[in-house]
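Coordinates as given in structure_36.cif (mmCIF, C-alpha atoms):
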data_data
#
loop_
_atom_site.label_atom_id
_atom_site.label_comp_id
_atom_site.auth_asym_id
_atom_site.auth_seq_id
_atom_site.Cartn_x
_atom_site.Cartn_y
_atom_site.Cartn_z
CA MET A 1 33.15 9.96 34.96
CA GLU A 2 32.54 11.18 31.42
CA SER A 3 32.31 14.79 30.36
CA ARG A 4 28.88 16.26 29.67
CA ARG A 5 29.72 16.67 25.95
CA LYS A 6 30.81 13.07 25.65
CA ARG A 7 27.68 11.85 27.41
CA ARG A 8 25.46 13.92 25.16
CA ARG A 9 27.20 12.56 22.06
CA SER A 10 26.89 9.04 23.38
CA GLN A 11 23.14 9.52 23.94
CA LEU A 12 22.75 10.98 20.46
CA TYR A 13 24.42 7.94 18.88
CA LYS A 14 22.32 5.58 20.96
CA TRP A 15 18.96 7.11 20.08
CA GLY A 16 20.08 7.56 16.48
CA LEU A 17 20.72 3.82 16.30
CA TYR A 18 17.36 3.08 17.93
CA PHE A 19 15.70 5.29 15.34
CA LEU A 20 17.48 3.41 12.52
CA LEU A 21 16.30 0.15 14.05
CA LEU A 22 12.78 1.60 14.13
CA LEU A 23 12.95 2.36 10.41
CA ALA A 24 14.39 -1.08 9.67
CA CYS A 25 11.59 -2.75 11.67
CA THR A 26 8.93 -0.71 9.88
CA VAL A 27 10.31 -1.63 6.50
CA LEU A 28 10.73 -5.33 7.34
CA GLN A 29 7.27 -5.53 8.87
CA THR A 30 5.60 -4.11 5.76
CA LEU A 31 7.84 -5.75 3.15
CA PRO A 32 5.45 -7.63 0.84
CA GLY A 33 5.84 -11.40 1.30
CA PHE A 34 8.75 -11.18 3.76
CA LEU A 35 8.70 -14.23 6.08
CA GLN A 36 5.01 -14.74 5.38
CA PHE A 37 3.52 -18.10 6.33
CA GLY A 38 -0.04 -18.26 5.05
CA GLN A 39 -1.80 -15.34 6.68
CA ALA A 40 0.84 -14.90 9.37
CA LYS A 41 3.67 -12.41 9.17
CA PRO A 42 6.01 -11.38 12.00
CA VAL A 43 5.58 -8.08 13.82
CA PHE A 44 8.84 -6.31 14.61
CA LEU A 45 7.82 -2.90 15.93
CA LEU A 46 6.38 -4.24 19.17
CA SER A 47 9.50 -6.35 19.84
CA LEU A 48 11.70 -3.33 19.31
CA ALA A 49 9.58 -1.10 21.56
CA LEU A 50 9.69 -3.68 24.36
CA ALA A 51 13.41 -4.29 23.92
CA VAL A 52 14.13 -0.57 24.30
CA ALA A 53 11.73 -0.39 27.26
CA VAL A 54 13.51 -3.14 29.19
CA CYS A 55 17.02 -1.94 28.31
CA GLU A 56 16.32 1.73 29.07
CA ASP A 57 14.13 3.23 31.80
CA GLU A 58 10.32 3.28 31.89
CA PHE A 59 10.09 6.93 30.79
CA SER A 60 12.23 6.62 27.64
CA GLY A 61 10.73 3.20 26.94
CA ALA A 62 7.17 4.51 27.08
CA LEU A 63 7.96 7.43 24.78
CA PHE A 64 9.78 5.20 22.30
CA GLY A 65 6.86 2.76 22.51
CA ALA A 66 4.49 5.59 21.56
CA VAL A 67 6.62 6.43 18.52
CA CYS A 68 6.75 2.75 17.46
CA GLY A 69 2.99 2.56 17.91
CA LEU A 70 2.41 5.64 15.77
CA MET A 71 4.55 4.11 13.05
CA TRP A 72 2.56 0.87 13.29
CA ASP A 73 -0.70 2.85 13.17
CA TYR A 74 0.48 4.45 9.94
CA THR A 75 1.69 1.28 8.23
CA ALA A 76 -1.29 -0.85 9.28
CA GLY A 77 -3.86 1.83 8.45
CA ARG A 78 -5.23 1.87 11.97
CA THR A 79 -6.78 4.89 13.69
CA ALA A 80 -3.84 7.17 14.57
CA GLY A 81 -3.01 6.85 18.26
CA LEU A 82 -4.65 3.51 19.01
CA LEU A 83 -1.57 1.31 18.72
CA ALA A 84 0.57 4.21 19.96
CA LEU A 85 -1.33 4.33 23.25
CA THR A 86 -1.29 0.54 23.54
CA LEU A 87 2.45 0.25 22.94
CA MET A 88 3.16 3.15 25.26
CA ALA A 89 1.25 1.50 28.10
CA LEU A 90 2.79 -1.91 27.41
CA SER A 91 6.33 -0.50 27.23
CA PHE A 92 5.84 1.35 30.50
CA GLY A 93 4.35 -1.65 32.26
CA ILE A 94 6.92 -4.14 31.01
CA SER A 95 9.81 -1.80 31.76
CA VAL A 96 8.60 -1.43 35.35
CA ALA A 97 7.96 -5.16 35.66
CA SER A 98 11.43 -5.96 34.32
CA GLN A 99 13.04 -3.63 36.87
CA LEU A 100 11.05 -4.96 39.81
CA TYR A 101 10.26 -8.59 39.15
CA LEU A 102 11.75 -10.03 35.97
CA LYS A 103 15.14 -11.56 35.48
CA LEU A 104 16.07 -10.42 32.01
CA THR A 105 17.09 -13.29 29.76
CA GLN A 106 16.48 -13.82 26.07
CA THR A 107 13.89 -16.49 26.78
CA ASN A 108 12.07 -14.29 29.27
CA PHE A 109 12.04 -11.45 26.79
CA ALA A 110 10.69 -13.68 24.02
CA LEU A 111 7.92 -14.90 26.36
CA VAL A 112 7.03 -11.37 27.44
CA THR A 113 6.95 -10.27 23.79
CA ALA A 114 4.71 -13.20 22.92
CA GLY A 115 2.30 -12.33 25.72
CA ALA A 116 2.19 -8.65 24.85
CA LEU A 117 1.75 -9.37 21.16
CA TRP A 118 -1.01 -11.85 21.84
CA LEU A 119 -2.80 -9.12 23.77
CA VAL A 120 -2.33 -6.51 21.02
CA LEU A 121 -3.32 -8.82 18.16
CA SER A 122 -6.35 -10.10 20.06
CA SER A 123 -7.58 -6.60 20.85
CA ASP A 124 -6.98 -5.53 17.24
CA PHE A 125 -8.87 -8.61 16.13
CA LEU A 126 -11.70 -7.74 18.51
CA PHE A 127 -12.03 -4.14 17.31
CA TYR A 128 -11.43 -4.64 13.59
CA TYR A 129 -12.79 -8.12 12.84
CA ALA A 130 -14.97 -9.53 15.60
CA MET A 131 -16.97 -6.38 16.38
CA PRO A 132 -17.79 -5.60 12.70
CA GLY A 133 -19.17 -9.15 12.60
CA TYR A 134 -17.20 -10.56 9.69
CA SER A 135 -17.82 -14.21 8.99
CA ASN A 136 -15.20 -16.98 9.37
CA MET A 137 -13.30 -14.90 11.87
CA LEU A 138 -12.46 -17.76 14.20
CA GLU A 139 -10.60 -19.42 11.33
CA ARG A 140 -8.75 -16.19 10.64
CA TYR A 141 -7.85 -15.87 14.33
CA ILE A 142 -6.52 -19.41 14.52
CA CYS A 143 -4.60 -19.17 11.26
CA TYR A 144 -3.17 -15.75 11.97
CA VAL A 145 -2.63 -14.94 15.66
CA PRO A 146 -0.76 -17.95 17.14
CA LEU A 147 1.69 -18.25 14.25
CA THR A 148 2.29 -14.50 14.14
CA VAL A 149 2.97 -14.50 17.89
CA LEU A 150 5.34 -17.44 17.57
CA LEU A 151 7.26 -15.96 14.65
CA SER A 152 7.50 -12.54 16.27
CA ALA A 153 8.63 -13.96 19.63
CA VAL A 154 11.43 -15.97 18.01
CA LEU A 155 12.53 -13.03 15.89
CA ALA A 156 12.36 -10.68 18.90
CA ILE A 157 15.55 -12.22 20.29
CA PRO A 158 17.91 -10.68 17.68
CA PHE A 159 16.29 -7.29 18.29
CA TYR A 160 16.70 -7.69 22.03
CA ARG A 161 20.37 -8.56 21.56
CA ALA A 162 20.91 -5.61 19.23
CA VAL A 163 19.20 -3.18 21.61
CA SER A 164 21.10 -4.63 24.60
CA TRP A 165 24.35 -4.17 22.75
CA ILE A 166 23.53 -0.57 21.83
CA SER A 167 22.38 0.19 25.35
CA THR A 168 25.52 -1.29 26.94
CA THR A 169 27.92 0.26 24.43
CA PHE A 170 26.52 3.76 24.88
CA LYS A 171 25.78 3.50 28.59
CA ILE A 172 26.58 6.65 30.54
CA ASP A 173 29.44 6.21 32.94
CA ASN A 174 28.44 8.36 35.90
CA GLY A 175 31.22 7.14 38.09
CA VAL A 176 28.96 5.20 40.46
CA ILE A 177 30.24 1.71 41.23
CA MET B 1 8.59 3.35 41.98
CA LYS B 2 6.07 5.24 44.11
CA ASP B 3 8.20 8.36 43.72
CA PHE B 4 8.05 8.08 39.95
CA PHE B 5 4.35 8.95 39.92
CA GLU B 6 5.17 12.30 41.49
CA THR B 7 7.90 13.27 39.03
CA TRP B 8 7.72 15.51 35.94
CA LYS B 9 8.52 12.48 33.79
CA PHE B 10 5.26 10.86 34.79
CA ARG B 11 3.39 14.08 34.02
CA ILE B 12 4.98 14.15 30.56
CA LEU B 13 3.87 10.58 29.95
CA ILE B 14 0.33 11.47 30.98
CA ALA B 15 0.44 14.50 28.65
CA VAL B 16 1.64 12.29 25.77
CA ALA B 17 -1.13 9.78 26.53
CA VAL B 18 -3.73 12.56 26.51
CA PHE B 19 -2.30 13.89 23.23
CA LEU B 20 -2.48 10.42 21.64
CA ALA B 21 -6.04 9.96 22.87
CA GLY B 22 -6.93 13.35 21.37
CA LEU B 23 -5.22 12.42 18.11
CA MET B 24 -7.15 9.16 18.04
CA ALA B 25 -10.45 10.95 18.66
CA TYR B 26 -9.63 13.51 15.95
CA ALA B 27 -8.63 10.82 13.46
CA ALA B 28 -11.71 8.74 14.20
CA ALA B 29 -13.99 11.77 13.84
CA ASN B 30 -12.38 12.87 10.56
CA GLY B 31 -12.65 9.75 8.46
CA ARG B 32 -9.93 7.58 9.96
CA LEU B 33 -6.40 8.80 9.50
CA THR B 34 -5.20 11.58 7.30
CA ALA B 35 -3.64 13.81 9.89
CA ALA B 36 -0.37 15.72 9.99
CA PRO B 37 1.59 13.01 11.87
CA GLN B 38 0.57 10.44 9.27
CA GLU B 39 1.74 12.68 6.45
CA LEU B 40 5.11 13.18 8.13
CA LEU B 41 5.51 9.46 8.79
CA SER B 42 4.66 8.60 5.20
CA VAL B 43 7.31 10.99 3.89
CA ALA B 44 9.91 9.53 6.28
CA VAL B 45 9.13 5.89 5.67
CA SER B 46 8.15 5.51 2.03
CA PRO B 47 11.70 5.95 0.56
CA PHE B 48 12.92 3.11 2.79
CA GLN B 49 9.91 1.00 1.87
CA LYS B 50 10.64 1.56 -1.82
CA VAL B 51 14.23 0.37 -1.48
CA ALA B 52 13.24 -2.58 0.70
CA SER B 53 10.47 -3.52 -1.69
CA LEU B 54 12.98 -3.73 -4.53
CA ILE B 55 15.25 -5.97 -2.46
CA GLY B 56 12.30 -7.87 -1.04
CA GLY B 57 11.06 -8.73 -4.51
CA GLY B 58 14.13 -10.90 -4.97
CA VAL B 59 14.00 -12.34 -1.45
CA SER B 60 10.31 -13.26 -1.59
CA SER B 61 10.82 -14.83 -4.99
CA VAL B 62 13.43 -17.19 -3.51
CA TRP B 63 11.22 -17.84 -0.48
CA ASP B 64 8.19 -18.65 -2.64
CA LYS B 65 10.26 -21.14 -4.60
CA TYR B 66 11.35 -22.83 -1.38
CA THR B 67 7.85 -23.09 0.12
CA SER B 68 6.32 -24.49 -3.05
CA ILE B 69 9.12 -26.91 -3.82
CA ASP B 70 6.85 -29.93 -4.38
CA GLU B 71 4.71 -28.14 -6.86
CA THR B 72 7.79 -26.73 -8.51
CA MET B 73 9.29 -30.20 -8.93
CA GLU B 74 6.16 -31.40 -10.72
CA GLU B 75 6.19 -28.48 -13.06
CA ASN B 76 9.94 -28.56 -13.42
CA GLU B 77 10.04 -30.71 -16.53
CA THR B 78 7.57 -28.56 -18.41
CA LEU B 79 9.12 -25.35 -17.24
CA ARG B 80 12.63 -26.44 -18.14
CA GLU B 81 12.01 -25.97 -21.84
CA GLU B 82 10.21 -22.70 -21.32
CA ASN B 83 12.88 -21.58 -18.91
CA ALA B 84 15.64 -21.96 -21.45
CA GLU B 85 13.72 -19.76 -23.81
CA LEU B 86 12.86 -17.24 -21.10
CA ARG B 87 16.45 -17.06 -19.89
CA ARG B 88 17.54 -15.77 -23.24
CA GLN B 89 14.80 -13.17 -23.14
CA LEU B 90 15.16 -12.17 -19.51
CA VAL B 91 18.92 -11.68 -19.22
CA ASP B 92 18.63 -7.94 -18.78
CA TYR B 93 15.25 -8.04 -17.09
CA ASP B 94 15.11 -5.43 -14.35
CA LYS B 95 12.75 -2.97 -12.78
CA LEU B 96 12.94 -0.54 -15.68
CA LYS B 97 12.07 -3.24 -18.15
CA ALA B 98 9.18 -4.40 -15.99
CA GLU B 99 7.87 -0.89 -15.89
CA ASN B 100 8.27 -0.54 -19.66
CA GLU B 101 6.33 -3.75 -20.09
CA ALA B 102 3.63 -2.44 -17.80
CA PHE B 103 3.49 0.79 -19.74
CA LYS B 104 2.98 -1.21 -22.92
CA ASN B 105 -0.04 -2.78 -21.27
CA LEU B 106 -1.07 0.63 -20.11
CA ALA B 107 -0.86 1.88 -23.70
CA GLY B 108 -3.37 -0.84 -24.61
CA ILE B 109 -5.68 0.18 -21.80
CA GLN B 110 -5.20 3.82 -22.70
CA GLU B 111 -6.09 3.05 -26.31
CA ASP B 112 -9.36 1.50 -25.16
CA ASN B 113 -10.03 4.31 -22.70
CA PRO B 114 -8.49 7.49 -24.11
CA GLU B 115 -10.37 9.63 -21.58
CA MET B 116 -8.56 8.07 -18.62
CA SER B 117 -5.39 9.34 -16.93
CA PHE B 118 -3.12 6.84 -15.18
CA VAL B 119 -0.30 6.93 -12.66
CA SER B 120 2.05 3.92 -12.51
CA ALA B 121 2.88 2.72 -8.99
CA PHE B 122 4.72 -0.08 -7.21
CA VAL B 123 3.50 -1.91 -4.10
CA ILE B 124 5.85 -0.93 -1.28
CA GLY B 125 4.07 -2.19 1.82
CA ARG B 126 1.68 -4.80 3.16
CA ASP B 127 0.99 -5.07 6.87
CA ALA B 128 0.21 -8.30 8.70
CA LEU B 129 -2.78 -6.74 10.44
CA ASP B 130 -4.69 -6.37 7.17
CA ALA B 131 -6.58 -9.60 6.45
CA PHE B 132 -8.03 -8.31 3.22
CA GLY B 133 -4.83 -7.76 1.21
CA GLY B 134 -4.66 -3.97 1.60
CA PHE B 135 -1.37 -2.49 0.43
CA THR B 136 0.61 0.74 0.13
CA LEU B 137 1.64 2.19 -3.24
CA ASP B 138 4.59 4.50 -3.83
CA LYS B 139 2.59 7.35 -5.38
CA GLY B 140 0.73 10.05 -3.49
CA THR B 141 -0.91 13.43 -3.78
CA THR B 142 2.19 15.00 -5.33
CA GLN B 143 1.60 12.71 -8.33
CA GLY B 144 -2.09 13.63 -8.45
CA VAL B 145 -3.42 10.64 -6.56
CA GLU B 146 -6.54 11.30 -4.50
CA ARG B 147 -8.72 9.36 -2.12
CA GLY B 148 -11.33 7.43 -4.09
CA ASP B 149 -9.19 6.85 -7.19
CA THR B 150 -9.60 3.44 -8.78
CA VAL B 151 -6.61 1.06 -8.76
CA ILE B 152 -6.09 -1.54 -11.51
CA ASP B 153 -3.30 -3.93 -12.41
CA ASP B 154 -1.23 -3.77 -15.58
CA GLU B 155 -3.88 -5.75 -17.46
CA GLY B 156 -6.60 -3.26 -16.59
CA GLN B 157 -8.25 -5.49 -13.97
CA LEU B 158 -9.74 -4.03 -10.82
CA LEU B 159 -7.67 -4.20 -7.63
CA GLY B 160 -9.39 -1.71 -5.35
CA THR B 161 -9.63 1.94 -4.48
CA VAL B 162 -7.37 4.49 -2.81
CA ILE B 163 -8.59 4.87 0.75
CA GLU B 164 -5.94 7.30 1.90
CA ALA B 165 -3.48 9.46 -0.03
CA ASP B 166 -0.39 10.97 1.57
CA LEU B 167 2.23 13.13 -0.10
CA THR B 168 4.36 10.31 -1.49
CA SER B 169 2.30 7.18 -0.92
CA CYS B 170 -1.26 5.94 -0.76
CA ARG B 171 -3.12 3.05 0.81
CA VAL B 172 -5.39 0.81 -1.19
CA LEU B 173 -8.61 -0.85 -0.02
CA THR B 174 -8.87 -4.01 -2.09
CA ILE B 175 -11.94 -5.61 -3.62
CA LEU B 176 -11.57 -8.36 -0.98
CA HIS B 177 -12.48 -5.96 1.85
CA PRO B 178 -16.08 -6.04 3.12
CA SER B 179 -16.06 -2.22 3.15
CA PHE B 180 -15.45 -2.17 -0.61
CA ASN B 181 -18.60 -1.59 -2.65
CA ALA B 182 -18.90 -1.09 -6.39
CA ALA B 183 -21.73 -1.46 -8.86
CA GLY B 184 -21.07 -4.41 -11.17
CA VAL B 185 -22.72 -6.27 -13.99
CA VAL B 186 -22.40 -9.78 -15.42
CA SER B 187 -21.14 -9.00 -18.92
CA ARG B 188 -23.02 -11.86 -20.65
CA THR B 189 -26.44 -11.53 -19.01
CA ARG B 190 -26.26 -7.85 -17.98
CA ASP B 191 -27.47 -8.71 -14.47
CA ASN B 192 -26.65 -6.00 -11.95
CA GLY B 193 -25.30 -6.44 -8.45
CA ILE B 194 -22.89 -5.11 -5.86
CA LEU B 195 -19.23 -6.10 -5.82
CA THR B 196 -17.86 -6.41 -2.32
CA GLY B 197 -15.53 -8.44 -0.15
CA ASP B 198 -16.32 -11.15 2.34
CA ALA B 199 -14.17 -12.40 5.19
CA SER B 200 -14.96 -16.01 4.31
CA TYR B 201 -13.47 -15.69 0.85
CA ALA B 202 -10.79 -13.04 1.34
CA ALA B 203 -8.19 -15.52 2.62
CA VAL B 204 -8.29 -17.36 -0.73
CA GLY B 205 -8.29 -14.13 -2.71
CA GLN B 206 -11.95 -14.18 -3.76
CA CYS B 207 -14.70 -11.58 -3.49
CA ILE B 208 -18.47 -11.72 -3.91
CA PHE B 209 -21.15 -10.24 -6.15
CA THR B 210 -24.29 -9.68 -4.10
CA ASP B 211 -27.91 -8.72 -4.81
CA LEU B 212 -27.96 -10.83 -7.94
CA SER B 213 -31.51 -11.65 -8.94
CA ARG B 214 -32.70 -15.22 -8.31
CA GLU B 215 -33.92 -15.29 -11.91
CA SER B 216 -30.46 -14.38 -13.17
CA MET B 217 -29.07 -16.60 -15.95
CA ALA B 218 -25.51 -15.88 -14.84
CA SER B 219 -23.40 -19.01 -14.56
CA VAL B 220 -19.94 -20.18 -13.55
CA GLY B 221 -17.29 -18.71 -15.82
CA ASP B 222 -19.14 -15.48 -16.63
CA GLU B 223 -17.09 -12.32 -16.47
CA VAL B 224 -18.11 -9.51 -14.12
CA ILE B 225 -17.28 -5.88 -14.92
CA THR B 226 -17.99 -2.50 -13.32
CA THR B 227 -20.97 -0.48 -14.51
CA GLY B 228 -19.73 2.98 -13.65
CA LEU B 229 -23.00 3.70 -11.83
CA GLY B 230 -22.56 6.18 -9.01
CA GLY B 231 -19.54 7.74 -10.67
CA VAL B 232 -17.06 6.29 -8.19
CA TYR B 233 -15.52 3.65 -10.47
CA PRO B 234 -15.12 3.86 -14.25
CA ALA B 235 -17.34 1.61 -16.34
CA ASN B 236 -16.21 -1.63 -17.98
CA ILE B 237 -13.27 -2.37 -15.69
CA LEU B 238 -12.70 -6.14 -15.60
CA VAL B 239 -13.23 -7.63 -12.15
CA GLY B 240 -13.18 -11.42 -12.40
CA ARG B 241 -15.01 -14.63 -13.23
CA ILE B 242 -17.83 -16.31 -11.34
CA VAL B 243 -16.63 -19.52 -9.67
CA SER B 244 -19.82 -20.43 -7.83
CA ILE B 245 -23.34 -19.18 -7.21
CA GLU B 246 -24.87 -19.52 -3.75
CA PRO B 247 -28.23 -18.53 -2.25
CA GLU B 248 -28.26 -15.48 0.01
CA ALA B 249 -29.34 -16.02 3.62
CA SER B 250 -32.59 -14.08 3.14
CA GLY B 251 -33.46 -16.11 0.04
CA THR B 252 -34.45 -13.02 -1.95
CA SER B 253 -31.34 -13.01 -4.13
CA VAL B 254 -28.21 -15.01 -4.85
CA ILE B 255 -24.51 -14.37 -4.32
CA ALA B 256 -21.88 -15.08 -6.94
CA VAL B 257 -18.38 -15.85 -5.69
CA ILE B 258 -15.86 -14.09 -7.91
CA GLN B 259 -12.28 -15.11 -8.61
CA PRO B 260 -10.68 -11.75 -9.42
CA ASP B 261 -8.70 -11.63 -12.66
CA ALA B 262 -6.07 -9.56 -10.85
CA ASP B 263 -3.72 -11.17 -8.32
CA VAL B 264 -4.91 -9.01 -5.42
CA LEU B 265 -2.85 -10.71 -2.71
CA GLY B 266 0.38 -10.82 -4.70
CA VAL B 267 0.34 -7.83 -7.03
CA LYS B 268 3.58 -5.86 -7.23
CA GLN B 269 2.69 -3.12 -9.70
CA ALA B 270 -0.51 -1.19 -10.23
CA PHE B 271 -1.99 1.75 -12.08
CA ILE B 272 -4.07 4.42 -10.40
CA ILE B 273 -6.80 5.99 -12.51
CA THR B 274 -6.58 9.65 -11.55
CA ASP B 275 -9.09 10.94 -14.06
CA TYR B 276 -11.72 9.45 -16.37
#
What does the file become when written as structure tokens?
Amino acid sequence: MESRRKRRRSQLYKWGLYFLLLLACTVLQTLPGFLQFGQAKPVFLLSLALAVAVCEDEFSGALFGAVCGLMWDYTAGRTAGLLALTLMALSFGISVASQLYLKLTQTNFALVTAGALWLVLSSDFLFYYAMPGYSNMLERYICYVPLTVLLSAVLAIPFYRAVSWISTTFKIDNGVI
Amino acid sequence: MKDFFETWKFRILIAVAVFLAGLMAYAAANGRLTAAPQELLSVAVSPFQKVASLIGGGVSSVWDKYTSIDETMEENETLREENAELRRQLVDYDKLKAENEAFKNLAGIQEDNPEMSFVSAFVIGRDALDAFGGFTLDKGTTQGVERGDTVIDDEGQLLGTVIEADLTSCRVLTILHPSFNAAGVVSRTRDNGILTGDASYAAVGQCIFTDLSRESMASVGDEVITTGLGGVYPANILVGRIVSIEPEASGTSVIAVIQPDADVLGVKQAFIITDY
């Protein structure tokens, strides 16, 4: 059983590290030309939000997801709150699903990330490209979405490992065995 | 799990969701973004983006070389001789020198347009969601940048317009975006039209020049420039060259496909015209 002060410090370190990861993901995601294949470029913020959601509880995960979404809204120039709400709902849902139904492995996490990202990119595509009626959009969808999902899912594994490590290292010992 | 929906944590989540929905409605009703949270985020993130952009410049350079290895091999022989010469010149080439070089170009542009005021900026962010090459620059309202300012490259060629200015950064809507509209003219024939983007051409870095008269004598290779009509963009800014002319769907006019002179999808440094 740890003291209250020690637990608080441990939590501070943990969320501080998550915040640093959030900044790193934002920077990597927007870095011009970084890991770009044609029109596709990996998305890191969603992977991080989901990793925190499955390693922490649904409440913290949803809030962190909202922060990641706000950051993504800012960097992608989307209407403030749209991606935040989406990531918050996804983080909550996937956190609950992982507690109730999912066996958490790296492969499972990558698959879940791929599914969630496919959903987010497709809805973004629907609102920002399909609904305005831009031409050649099917080509853009095919060139952009599957490869982005694949890249992001593969690169989600290191983030999952990093978040798992942080979560385990700074886990509160409440004395319950 | 059922108990969770009756806890204060769940109520907080609902409150956050309502707040985000309100924020979204506010942002949508007030011309997209510029809201306090965005300003705060931009201040927090842009220093990191600047540093990463500097590092990323080197990384992406190596990556580009790797992905275009075949092409590089073909050009290798020719470049070898030039490379030896360039190596001698570029030993102490760094960011400062690049900026100095850009300022020399700027001096040329300034000489031609003494009434204009410029702010030099580096590209610090590009997001995967933007299919039209939109990017973030490292200068914002504290440097005098405002929404609607024209953005050009270091050769004075049009890149786009500032769509959103935060304290320390701004976002640029490029000429490849269908929402971009500027009055243009074919410099040789003086035919007027509208410069805009098109999703079909954006992926290859091209834009279009619409509403060109069917009787126009404009041809492939002609240069298109801005007219300054409407007062949004300065006049005589170079845009690009016509690469093809196609009939418009309605048949009342033709569309010229433009290859921009500026490297819109790969530009690293830009100038923002803050006054003209």
Quiz item: What gap, in Å, lies between atom CA of Pro247 of chain B and atom CA of Gly134 of chain B?
Solution: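 Separation between atom CA of Pro247 of chain B and atom CA of Gly134 of chain B: 28.0 Å.
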Exercise. Might you pull out every residue within 10 Å of Thr196 of chain B, with only C-alpha atoms counted and same-chain residues fewer than 2 positions away left off, and present them as a list in words?
Key: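 Once the nearby chain positions are removed, what remains is Thr174, Ile175, Leu176, His177, Pro178, Ser179, Phe180, Asn181, Ala182, Ala183, Gly184, Gly193, Ile194, Asp198, Gln206, Cys207, Ile208, Phe209, Thr210 and Ile258 of chain B.
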Exercise. Do a neighbour search on Ala49 of chain A at 8 Å with only C-alpha atoms, toss out local chain neighbours closer than 3 positions, and write the hits as a ChimeraX atom specification.
Key: /A:45-46,52-53,61,64-65,68,87,91
Expected file contents, prior selection, C-alpha atoms, as an mmCIF file, in the frame of the given file:
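Written output follows (result-v6.cif):
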data_model
loop_
_atom_site.group_PDB
_atom_site.id
_atom_site.type_symbol
_atom_site.label_atom_id
_atom_site.label_comp_id
_atom_site.auth_asym_id
_atom_site.auth_seq_id
_atom_site.Cartn_x
_atom_site.Cartn_y
_atom_site.Cartn_z
ATOM 1 C CA LEU A 45 7.820 -2.900 15.930
ATOM 2 C CA LEU A 46 6.380 -4.240 19.170
ATOM 3 C CA VAL A 52 14.130 -0.570 24.300
ATOM 4 C CA ALA A 53 11.730 -0.390 27.260
ATOM 5 C CA GLY A 61 10.730 3.200 26.940
ATOM 6 C CA PHE A 64 9.780 5.200 22.300
ATOM 7 C CA GLY A 65 6.860 2.760 22.510
ATOM 8 C CA CYS A 68 6.750 2.750 17.460
ATOM 9 C CA LEU A 87 2.450 0.250 22.940
ATOM 10 C CA SER A 91 6.330 -0.500 27.230
#
Quiz item: In Å, with one decimal, what is the gap from atom CA of Ile245 of chain B to atom CA of Ala202 of chain B?
Solution: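 We find that atom CA of Ile245 of chain B and atom CA of Ala202 of chain B lie 16.4 Å from each other.
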Self-check item: Non-local contacts of Gln106 of chain A (8 Å; all atoms listed in the file; under 2 positions in same chain excluded) as a list of chain:residue names
Solution: A:Leu104, A:Asn108, A:Phe109, A:Ala110, A:Ile157, A:Tyr160, A:Arg161
Practice problem: Counting all atoms listed in the file, figure out which residue out of A:Ala162, A:Leu48, A:Gln11, A:Ala62 gets nearest to chain B. | Solution: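 So, comparing all the options, the nearest one is A:Ala62.
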Quiz item: atom CA of Ser216 of chain B and atom CA of Asp153 of chain B are how many Å apart?
Solution: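 Interatomic distance here is 29.1 Å.
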Report the residues retrieved by the PyMOL selection byres ((chain A and resi 72) around 10) from the displayed file, expressed as a PDB file with C-alpha atoms, in the coordinates of the input.
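Saved result, part-v6.pdb, follows:
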ATOM      1  CA  CYS A  25      11.590  -2.750  11.670  1.00  0.00           C
ATOM      2  CA  THR A  26       8.930  -0.710   9.880  1.00  0.00           C
ATOM      3  CA  GLN A  29       7.270  -5.530   8.870  1.00  0.00           C
ATOM      4  CA  THR A  30       5.600  -4.110   5.760  1.00  0.00           C
ATOM      5  CA  VAL A  43       5.580  -8.080  13.820  1.00  0.00           C
ATOM      6  CA  PHE A  44       8.840  -6.310  14.610  1.00  0.00           C
ATOM      7  CA  LEU A  45       7.820  -2.900  15.930  1.00  0.00           C
ATOM      8  CA  LEU A  46       6.380  -4.240  19.170  1.00  0.00           C
ATOM      9  CA  ALA A  66       4.490   5.590  21.560  1.00  0.00           C
ATOM     10  CA  VAL A  67       6.620   6.430  18.520  1.00  0.00           C
ATOM     11  CA  CYS A  68       6.750   2.750  17.460  1.00  0.00           C
ATOM     12  CA  GLY A  69       2.990   2.560  17.910  1.00  0.00           C
ATOM     13  CA  LEU A  70       2.410   5.640  15.770  1.00  0.00           C
ATOM     14  CA  MET A  71       4.550   4.110  13.050  1.00  0.00           C
ATOM     15  CA  ASP A  73      -0.700   2.850  13.170  1.00  0.00           C
ATOM     16  CA  TYR A  74       0.480   4.450   9.940  1.00  0.00           C
ATOM     17  CA  THR A  75       1.690   1.280   8.230  1.00  0.00           C
ATOM     18  CA  ALA A  76      -1.290  -0.850   9.280  1.00  0.00           C
ATOM     19  CA  GLY A  77      -3.860   1.830   8.450  1.00  0.00           C
ATOM     20  CA  ARG A  78      -5.230   1.870  11.970  1.00  0.00           C
ATOM     21  CA  ALA A  80      -3.840   7.170  14.570  1.00  0.00           C
ATOM     22  CA  GLY A  81      -3.010   6.850  18.260  1.00  0.00           C
ATOM     23  CA  LEU A  82      -4.650   3.510  19.010  1.00  0.00           C
ATOM     24  CA  LEU A  83      -1.570   1.310  18.720  1.00  0.00           C
ATOM     25  CA  ALA A  84       0.570   4.210  19.960  1.00  0.00           C
ATOM     26  CA  LEU A  87       2.450   0.250  22.940  1.00  0.00           C
TER      27      LEU A  87
ATOM     28  CA  ASP B 127       0.990  -5.070   6.870  1.00  0.00           C
ATOM     29  CA  LEU B 129      -2.780  -6.740  10.440  1.00  0.00           C
TER      30      LEU B 129
END
Quiz item: For chain B, which of A:Ala156, A:Leu102, A:Ala51, A:Leu20 is the closest residue, counting all atoms listed in the file?
Solution: A:Leu20
